[in-house]
file coords38.pdb (PDB, C-alpha atoms)
ATOM      1  CA  MET A  11      28.576 -33.066 -48.486  1.00  0.00           C
ATOM      2  CA  VAL A  12      26.390 -33.475 -45.433  1.00  0.00           C
ATOM      3  CA  ALA A  13      27.908 -36.908 -44.806  1.00  0.00           C
ATOM      4  CA  ASN A  14      31.419 -35.417 -44.969  1.00  0.00           C
ATOM      5  CA  GLY A  15      30.528 -32.580 -42.620  1.00  0.00           C
ATOM      6  CA  ALA A  16      31.106 -29.880 -45.253  1.00  0.00           C
ATOM      7  CA  LEU A  17      27.444 -28.860 -45.189  1.00  0.00           C
ATOM      8  CA  GLU A  18      24.888 -28.835 -42.419  1.00  0.00           C
ATOM      9  CA  GLN A  19      21.556 -30.614 -42.892  1.00  0.00           C
ATOM     10  CA  ALA A  20      19.513 -27.384 -42.605  1.00  0.00           C
ATOM     11  CA  GLU A  21      21.653 -25.691 -45.272  1.00  0.00           C
ATOM     12  CA  TYR A  22      21.318 -28.770 -47.487  1.00  0.00           C
ATOM     13  CA  GLU A  23      17.511 -28.679 -47.193  1.00  0.00           C
ATOM     14  CA  ARG A  24      17.456 -24.966 -48.054  1.00  0.00           C
ATOM     15  CA  LEU A  25      19.698 -25.449 -51.078  1.00  0.00           C
ATOM     16  CA  ILE A  26      17.688 -28.390 -52.393  1.00  0.00           C
ATOM     17  CA  LYS A  27      14.546 -26.230 -52.425  1.00  0.00           C
ATOM     18  CA  SER A  28      16.223 -23.260 -54.140  1.00  0.00           C
ATOM     19  CA  THR A  29      15.677 -22.534 -57.817  1.00  0.00           C
ATOM     20  CA  ILE A  30      18.565 -22.743 -60.244  1.00  0.00           C
ATOM     21  CA  LYS A  31      18.585 -20.210 -63.064  1.00  0.00           C
ATOM     22  CA  LEU A  32      20.794 -20.979 -66.048  1.00  0.00           C
ATOM     23  CA  ASP A  33      22.014 -18.293 -68.410  1.00  0.00           C
ATOM     24  CA  LEU A  34      22.166 -20.046 -71.767  1.00  0.00           C
ATOM     25  CA  SER A  35      23.145 -16.987 -73.756  1.00  0.00           C
ATOM     26  CA  THR A  36      26.267 -17.157 -75.849  1.00  0.00           C
ATOM     27  CA  PRO A  37      29.072 -14.914 -74.651  1.00  0.00           C
ATOM     28  CA  VAL A  38      30.164 -12.377 -77.206  1.00  0.00           C
ATOM     29  CA  ASP A  39      33.836 -11.662 -77.716  1.00  0.00           C
ATOM     30  CA  LEU A  40      34.034  -8.257 -79.320  1.00  0.00           C
ATOM     31  CA  TYR A  41      37.750  -8.742 -79.955  1.00  0.00           C
ATOM     32  CA  PRO A  42      38.299 -12.498 -80.430  1.00  0.00           C
ATOM     33  CA  ASP A  43      41.859 -12.114 -81.730  1.00  0.00           C
ATOM     34  CA  TYR A  44      42.836 -10.149 -78.648  1.00  0.00           C
ATOM     35  CA  VAL A  45      41.170 -12.688 -76.336  1.00  0.00           C
ATOM     36  CA  THR A  46      43.115 -15.492 -78.024  1.00  0.00           C
ATOM     37  CA  TYR A  47      46.346 -13.508 -77.718  1.00  0.00           C
ATOM     38  CA  VAL A  48      45.795 -12.815 -74.006  1.00  0.00           C
ATOM     39  CA  HIS A  49      44.933 -16.457 -73.356  1.00  0.00           C
ATOM     40  CA  GLN A  50      48.128 -17.638 -75.085  1.00  0.00           C
ATOM     41  CA  GLU A  51      50.217 -15.115 -73.152  1.00  0.00           C
ATOM     42  CA  LEU A  52      48.640 -16.292 -69.888  1.00  0.00           C
ATOM     43  CA  LYS A  53      49.510 -19.894 -70.753  1.00  0.00           C
ATOM     44  CA  LYS A  54      53.117 -18.905 -71.497  1.00  0.00           C
ATOM     45  CA  LEU A  55      53.365 -17.031 -68.212  1.00  0.00           C
ATOM     46  CA  VAL A  56      51.910 -19.907 -66.191  1.00  0.00           C
ATOM     47  CA  ALA A  57      54.147 -22.430 -67.966  1.00  0.00           C
ATOM     48  CA  SER A  58      57.179 -20.319 -67.189  1.00  0.00           C
ATOM     49  CA  SER A  59      56.273 -19.731 -63.551  1.00  0.00           C
ATOM     50  CA  GLU A  60      55.426 -23.419 -62.983  1.00  0.00           C
ATOM     51  CA  GLY A  61      58.586 -24.706 -64.696  1.00  0.00           C
ATOM     52  CA  LEU A  62      56.731 -26.462 -67.509  1.00  0.00           C
ATOM     53  CA  ASP A  63      58.665 -24.796 -70.353  1.00  0.00           C
ATOM     54  CA  LYS A  64      61.093 -27.651 -70.979  1.00  0.00           C
ATOM     55  CA  SER A  65      58.411 -30.331 -70.620  1.00  0.00           C
ATOM     56  CA  LEU A  66      56.223 -28.559 -73.181  1.00  0.00           C
ATOM     57  CA  GLN A  67      59.106 -28.557 -75.676  1.00  0.00           C
ATOM     58  CA  SER A  68      60.088 -32.177 -75.035  1.00  0.00           C
ATOM     59  CA  THR A  69      60.399 -34.559 -77.973  1.00  0.00           C
ATOM     60  CA  ASP A  70      58.780 -37.256 -75.819  1.00  0.00           C
ATOM     61  CA  VAL A  71      55.081 -37.127 -76.668  1.00  0.00           C
ATOM     62  CA  ALA A  72      53.979 -38.528 -73.292  1.00  0.00           C
ATOM     63  CA  ILE A  73      55.931 -35.914 -71.342  1.00  0.00           C
ATOM     64  CA  ARG A  74      54.603 -33.137 -73.565  1.00  0.00           C
ATOM     65  CA  LYS A  75      50.989 -34.307 -73.260  1.00  0.00           C
ATOM     66  CA  ASN A  76      51.269 -34.554 -69.468  1.00  0.00           C
ATOM     67  CA  ALA A  77      52.745 -31.051 -69.318  1.00  0.00           C
ATOM     68  CA  GLU A  78      49.993 -29.702 -71.590  1.00  0.00           C
ATOM     69  CA  ALA A  79      47.310 -31.316 -69.431  1.00  0.00           C
ATOM     70  CA  GLU A  80      48.855 -29.900 -66.266  1.00  0.00           C
ATOM     71  CA  LEU A  81      49.167 -26.453 -67.850  1.00  0.00           C
ATOM     72  CA  ASP A  82      45.541 -26.515 -69.039  1.00  0.00           C
ATOM     73  CA  LYS A  83      44.419 -27.511 -65.537  1.00  0.00           C
ATOM     74  CA  LYS A  84      46.374 -24.676 -63.923  1.00  0.00           C
ATOM     75  CA  VAL A  85      45.160 -22.062 -66.430  1.00  0.00           C
ATOM     76  CA  LYS A  86      41.570 -23.240 -66.083  1.00  0.00           C
ATOM     77  CA  GLY A  87      41.922 -22.962 -62.299  1.00  0.00           C
ATOM     78  CA  LEU A  88      43.015 -19.344 -62.697  1.00  0.00           C
ATOM     79  CA  LEU A  89      40.238 -18.459 -65.149  1.00  0.00           C
ATOM     80  CA  ILE A  90      37.462 -20.413 -63.431  1.00  0.00           C
ATOM     81  CA  PRO A  91      38.261 -20.613 -59.709  1.00  0.00           C
ATOM     82  CA  VAL A  92      36.677 -23.548 -57.931  1.00  0.00           C
TER
END
call {"tool": "encode", "arguments": {"input": "coords38.pdb", "output": "structure tokens"}}
result
Amino acid sequence: MVANGALEQAEYERLIKSTIKLDLSTPVDLYPDYVTYVHQELKKLVASSEGLDKSLQSTDVAIRKNAEAELDKKVKGLLIPV
């Protein structure tokens, strides 16, 4: 990142020396059925808004798999912003 100019050398040095703390606890879903339902509804909404509906229902396996991969990428981007 320093070589690309996205990060200054001083910031890089500070970050290298910082401690990383991982939280390895398992998240608890108190209502797993509801979480699954909401996730499926989000996927339907994203598919509809991105025009992937027809591709997801295609009889061509390659088209369907590409649409599913694109949909998963878009939903993941919404749930876990980069």
call {"tool": "atom_distance", "arguments": {"input": "coords38.pdb", "atom1": "atom CA of His49 of chain A", "atom2": "atom CA of Pro37 of chain A"}}
result
16.0 Å
call {"tool": "resolve_selection", "arguments": {"input": "coords38.pdb", "expression": "the PyMOL selection byres ((chain A and resi 89) around 12)", "output": "list of chain:residue names"}}
result
A:Val48, A:His49, A:Leu52, A:Lys53, A:Val56, A:Asp82, A:Lys83, A:Lys84, A:Val85, A:Lys86, A:Gly87, A:Leu88, A:Ile90, A:Pro91, A:Val92
call {"tool": "closest_residue", "arguments": {"input": "coords38.pdb", "among": "A:Leu81, A:Val71, A:Ile26, A:Leu34", "to": "Gln50 of chain A", "atoms": "all atoms listed in the file"}}
result
A:Leu81
call {"tool": "axis_aligned_box", "arguments": {"input": "coords38.pdb", "around": "segment 38-43 of chain A", "padding_each_side": "4 Å", "output": "lines of an AutoDock Vina configuration file"}}
result
center_x = 36.0
center_y = -10.4
center_z = -79.5
size_x = 19.7
size_y = 12.2
size_z = 12.5
call {"tool": "closest_residue", "arguments": {"input": "coords38.pdb", "among": "A:Pro42, A:Ile73, A:Glu80, A:Glu23", "to": "Glu60 of chain A", "atoms": "only C-alpha atoms"}}
result
A:Glu80
call {"tool": "atom_distance", "arguments": {"input": "coords38.pdb", "atom1": "atom CA of Ala77 of chain A", "atom2": "atom CA of Val45 of chain A"}}
result
22.8 Å
call {"tool": "atom_distance", "arguments": {"input": "coords38.pdb", "atom1": "atom CA of Ser59 of chain A", "atom2": "atom CA of Ala79 of chain A"}}
result
15.8 Å
call {"tool": "decode", "arguments": {"input": "coords38.pdb", "residues": "segment 64-78 of chain A", "atoms": "all heavy atoms", "output": "PDB file, in the first residue's frame"}}
result
ATOM      1  N   LYS A  64     -34.162 -12.951 -13.897  1.00  0.00           N
ATOM      2  CA  LYS A  64     -34.265 -13.882 -15.027  1.00  0.00           C
ATOM      3  C   LYS A  64     -33.041 -14.785 -15.123  1.00  0.00           C
ATOM      4  O   LYS A  64     -33.161 -15.966 -15.427  1.00  0.00           O
ATOM      5  CB  LYS A  64     -34.470 -13.114 -16.323  1.00  0.00           C
ATOM      6  CG  LYS A  64     -35.829 -12.474 -16.412  1.00  0.00           C
ATOM      7  CD  LYS A  64     -36.037 -11.774 -17.727  1.00  0.00           C
ATOM      8  CE  LYS A  64     -37.409 -11.112 -17.731  1.00  0.00           C
ATOM      9  NZ  LYS A  64     -37.665 -10.382 -18.969  1.00  0.00           N
ATOM     10  N   SER A  65     -31.866 -14.244 -14.852  1.00  0.00           N
ATOM     11  CA  SER A  65     -30.642 -15.049 -14.904  1.00  0.00           C
ATOM     12  C   SER A  65     -30.658 -16.135 -13.845  1.00  0.00           C
ATOM     13  O   SER A  65     -30.180 -17.245 -14.077  1.00  0.00           O
ATOM     14  CB  SER A  65     -29.415 -14.171 -14.724  1.00  0.00           C
ATOM     15  OG  SER A  65     -29.325 -13.225 -15.757  1.00  0.00           O
ATOM     16  N   LEU A  66     -31.210 -15.830 -12.675  1.00  0.00           N
ATOM     17  CA  LEU A  66     -31.267 -16.811 -11.589  1.00  0.00           C
ATOM     18  C   LEU A  66     -32.259 -17.932 -11.883  1.00  0.00           C
ATOM     19  O   LEU A  66     -32.154 -19.017 -11.319  1.00  0.00           O
ATOM     20  CB  LEU A  66     -31.626 -16.120 -10.268  1.00  0.00           C
ATOM     21  CG  LEU A  66     -30.549 -15.235  -9.685  1.00  0.00           C
ATOM     22  CD1 LEU A  66     -31.104 -14.390  -8.547  1.00  0.00           C
ATOM     23  CD2 LEU A  66     -29.373 -16.056  -9.196  1.00  0.00           C
ATOM     24  N   GLN A  67     -33.206 -17.689 -12.766  1.00  0.00           N
ATOM     25  CA  GLN A  67     -34.205 -18.698 -13.120  1.00  0.00           C
ATOM     26  C   GLN A  67     -33.892 -19.366 -14.454  1.00  0.00           C
ATOM     27  O   GLN A  67     -34.671 -20.175 -14.940  1.00  0.00           O
ATOM     28  CB  GLN A  67     -35.586 -18.054 -13.159  1.00  0.00           C
ATOM     29  CG  GLN A  67     -36.033 -17.540 -11.822  1.00  0.00           C
ATOM     30  CD  GLN A  67     -37.337 -16.766 -11.893  1.00  0.00           C
ATOM     31  OE1 GLN A  67     -37.909 -16.613 -12.957  1.00  0.00           O
ATOM     32  NE2 GLN A  67     -37.789 -16.292 -10.754  1.00  0.00           N
ATOM     33  N   SER A  68     -32.755 -19.058 -15.029  1.00  0.00           N
ATOM     34  CA  SER A  68     -32.372 -19.597 -16.331  1.00  0.00           C
ATOM     35  C   SER A  68     -32.188 -21.109 -16.265  1.00  0.00           C
ATOM     36  O   SER A  68     -31.778 -21.668 -15.241  1.00  0.00           O
ATOM     37  CB  SER A  68     -31.069 -18.952 -16.793  1.00  0.00           C
ATOM     38  OG  SER A  68     -30.606 -19.554 -17.974  1.00  0.00           O
ATOM     39  N   THR A  69     -32.488 -21.780 -17.371  1.00  0.00           N
ATOM     40  CA  THR A  69     -32.261 -23.222 -17.447  1.00  0.00           C
ATOM     41  C   THR A  69     -30.795 -23.520 -17.761  1.00  0.00           C
ATOM     42  O   THR A  69     -30.339 -24.645 -17.555  1.00  0.00           O
ATOM     43  CB  THR A  69     -33.156 -23.853 -18.535  1.00  0.00           C
ATOM     44  OG1 THR A  69     -32.923 -23.187 -19.780  1.00  0.00           O
ATOM     45  CG2 THR A  69     -34.618 -23.739 -18.155  1.00  0.00           C
ATOM     46  N   ASP A  70     -30.074 -22.520 -18.235  1.00  0.00           N
ATOM     47  CA  ASP A  70     -28.642 -22.673 -18.509  1.00  0.00           C
ATOM     48  C   ASP A  70     -27.882 -22.603 -17.188  1.00  0.00           C
ATOM     49  O   ASP A  70     -27.888 -21.584 -16.494  1.00  0.00           O
ATOM     50  CB  ASP A  70     -28.174 -21.569 -19.458  1.00  0.00           C
ATOM     51  CG  ASP A  70     -26.732 -21.744 -19.906  1.00  0.00           C
ATOM     52  OD1 ASP A  70     -25.958 -22.436 -19.215  1.00  0.00           O
ATOM     53  OD2 ASP A  70     -26.383 -21.177 -20.954  1.00  0.00           O
ATOM     54  N   VAL A  71     -27.240 -23.703 -16.842  1.00  0.00           N
ATOM     55  CA  VAL A  71     -26.548 -23.805 -15.551  1.00  0.00           C
ATOM     56  C   VAL A  71     -25.449 -22.763 -15.418  1.00  0.00           C
ATOM     57  O   VAL A  71     -25.278 -22.163 -14.350  1.00  0.00           O
ATOM     58  CB  VAL A  71     -25.969 -25.231 -15.356  1.00  0.00           C
ATOM     59  CG1 VAL A  71     -25.166 -25.325 -14.079  1.00  0.00           C
ATOM     60  CG2 VAL A  71     -27.085 -26.264 -15.366  1.00  0.00           C
ATOM     61  N   ALA A  72     -24.708 -22.502 -16.475  1.00  0.00           N
ATOM     62  CA  ALA A  72     -23.601 -21.538 -16.419  1.00  0.00           C
ATOM     63  C   ALA A  72     -24.123 -20.132 -16.132  1.00  0.00           C
ATOM     64  O   ALA A  72     -23.551 -19.406 -15.301  1.00  0.00           O
ATOM     65  CB  ALA A  72     -22.810 -21.559 -17.717  1.00  0.00           C
ATOM     66  N   ILE A  73     -25.194 -19.753 -16.802  1.00  0.00           N
ATOM     67  CA  ILE A  73     -25.779 -18.427 -16.574  1.00  0.00           C
ATOM     68  C   ILE A  73     -26.280 -18.310 -15.143  1.00  0.00           C
ATOM     69  O   ILE A  73     -26.058 -17.307 -14.466  1.00  0.00           O
ATOM     70  CB  ILE A  73     -26.928 -18.157 -17.577  1.00  0.00           C
ATOM     71  CG1 ILE A  73     -26.364 -18.008 -18.981  1.00  0.00           C
ATOM     72  CG2 ILE A  73     -27.723 -16.919 -17.177  1.00  0.00           C
ATOM     73  CD1 ILE A  73     -27.412 -17.919 -20.072  1.00  0.00           C
ATOM     74  N   ARG A  74     -26.941 -19.361 -14.667  1.00  0.00           N
ATOM     75  CA  ARG A  74     -27.479 -19.348 -13.305  1.00  0.00           C
ATOM     76  C   ARG A  74     -26.361 -19.265 -12.264  1.00  0.00           C
ATOM     77  O   ARG A  74     -26.446 -18.505 -11.305  1.00  0.00           O
ATOM     78  CB  ARG A  74     -28.353 -20.583 -13.080  1.00  0.00           C
ATOM     79  CG  ARG A  74     -29.224 -20.471 -11.856  1.00  0.00           C
ATOM     80  CD  ARG A  74     -30.258 -21.578 -11.744  1.00  0.00           C
ATOM     81  NE  ARG A  74     -29.659 -22.901 -11.762  1.00  0.00           N
ATOM     82  CZ  ARG A  74     -29.887 -23.827 -12.697  1.00  0.00           C
ATOM     83  NH1 ARG A  74     -30.682 -23.576 -13.706  1.00  0.00           N
ATOM     84  NH2 ARG A  74     -29.300 -24.999 -12.628  1.00  0.00           N
ATOM     85  N   LYS A  75     -25.302 -20.037 -12.472  1.00  0.00           N
ATOM     86  CA  LYS A  75     -24.182 -20.010 -11.512  1.00  0.00           C
ATOM     87  C   LYS A  75     -23.496 -18.648 -11.499  1.00  0.00           C
ATOM     88  O   LYS A  75     -23.119 -18.152 -10.441  1.00  0.00           O
ATOM     89  CB  LYS A  75     -23.177 -21.117 -11.827  1.00  0.00           C
ATOM     90  CG  LYS A  75     -23.666 -22.480 -11.425  1.00  0.00           C
ATOM     91  CD  LYS A  75     -22.566 -23.505 -11.491  1.00  0.00           C
ATOM     92  CE  LYS A  75     -23.134 -24.825 -11.084  1.00  0.00           C
ATOM     93  NZ  LYS A  75     -22.343 -25.526 -10.126  1.00  0.00           N
ATOM     94  N   ASN A  76     -23.328 -18.039 -12.669  1.00  0.00           N
ATOM     95  CA  ASN A  76     -22.725 -16.705 -12.727  1.00  0.00           C
ATOM     96  C   ASN A  76     -23.601 -15.685 -12.007  1.00  0.00           C
ATOM     97  O   ASN A  76     -23.102 -14.817 -11.285  1.00  0.00           O
ATOM     98  CB  ASN A  76     -22.496 -16.276 -14.174  1.00  0.00           C
ATOM     99  CG  ASN A  76     -21.336 -16.985 -14.820  1.00  0.00           C
ATOM    100  OD1 ASN A  76     -20.462 -17.501 -14.140  1.00  0.00           O
ATOM    101  ND2 ASN A  76     -21.326 -17.028 -16.135  1.00  0.00           N
ATOM    102  N   ALA A  77     -24.915 -15.785 -12.214  1.00  0.00           N
ATOM    103  CA  ALA A  77     -25.840 -14.865 -11.553  1.00  0.00           C
ATOM    104  C   ALA A  77     -25.823 -15.071 -10.044  1.00  0.00           C
ATOM    105  O   ALA A  77     -25.845 -14.103  -9.273  1.00  0.00           O
ATOM    106  CB  ALA A  77     -27.255 -15.057 -12.095  1.00  0.00           C
ATOM    107  N   GLU A  78     -25.764 -16.335  -9.606  1.00  0.00           N
ATOM    108  CA  GLU A  78     -25.707 -16.621  -8.169  1.00  0.00           C
ATOM    109  C   GLU A  78     -24.420 -16.074  -7.557  1.00  0.00           C
ATOM    110  O   GLU A  78     -24.434 -15.509  -6.457  1.00  0.00           O
ATOM    111  CB  GLU A  78     -25.813 -18.121  -7.926  1.00  0.00           C
ATOM    112  CG  GLU A  78     -27.193 -18.682  -8.180  1.00  0.00           C
ATOM    113  CD  GLU A  78     -27.250 -20.202  -8.129  1.00  0.00           C
ATOM    114  OE1 GLU A  78     -26.196 -20.843  -7.904  1.00  0.00           O
ATOM    115  OE2 GLU A  78     -28.348 -20.741  -8.311  1.00  0.00           O
TER     116      GLU A  78
END
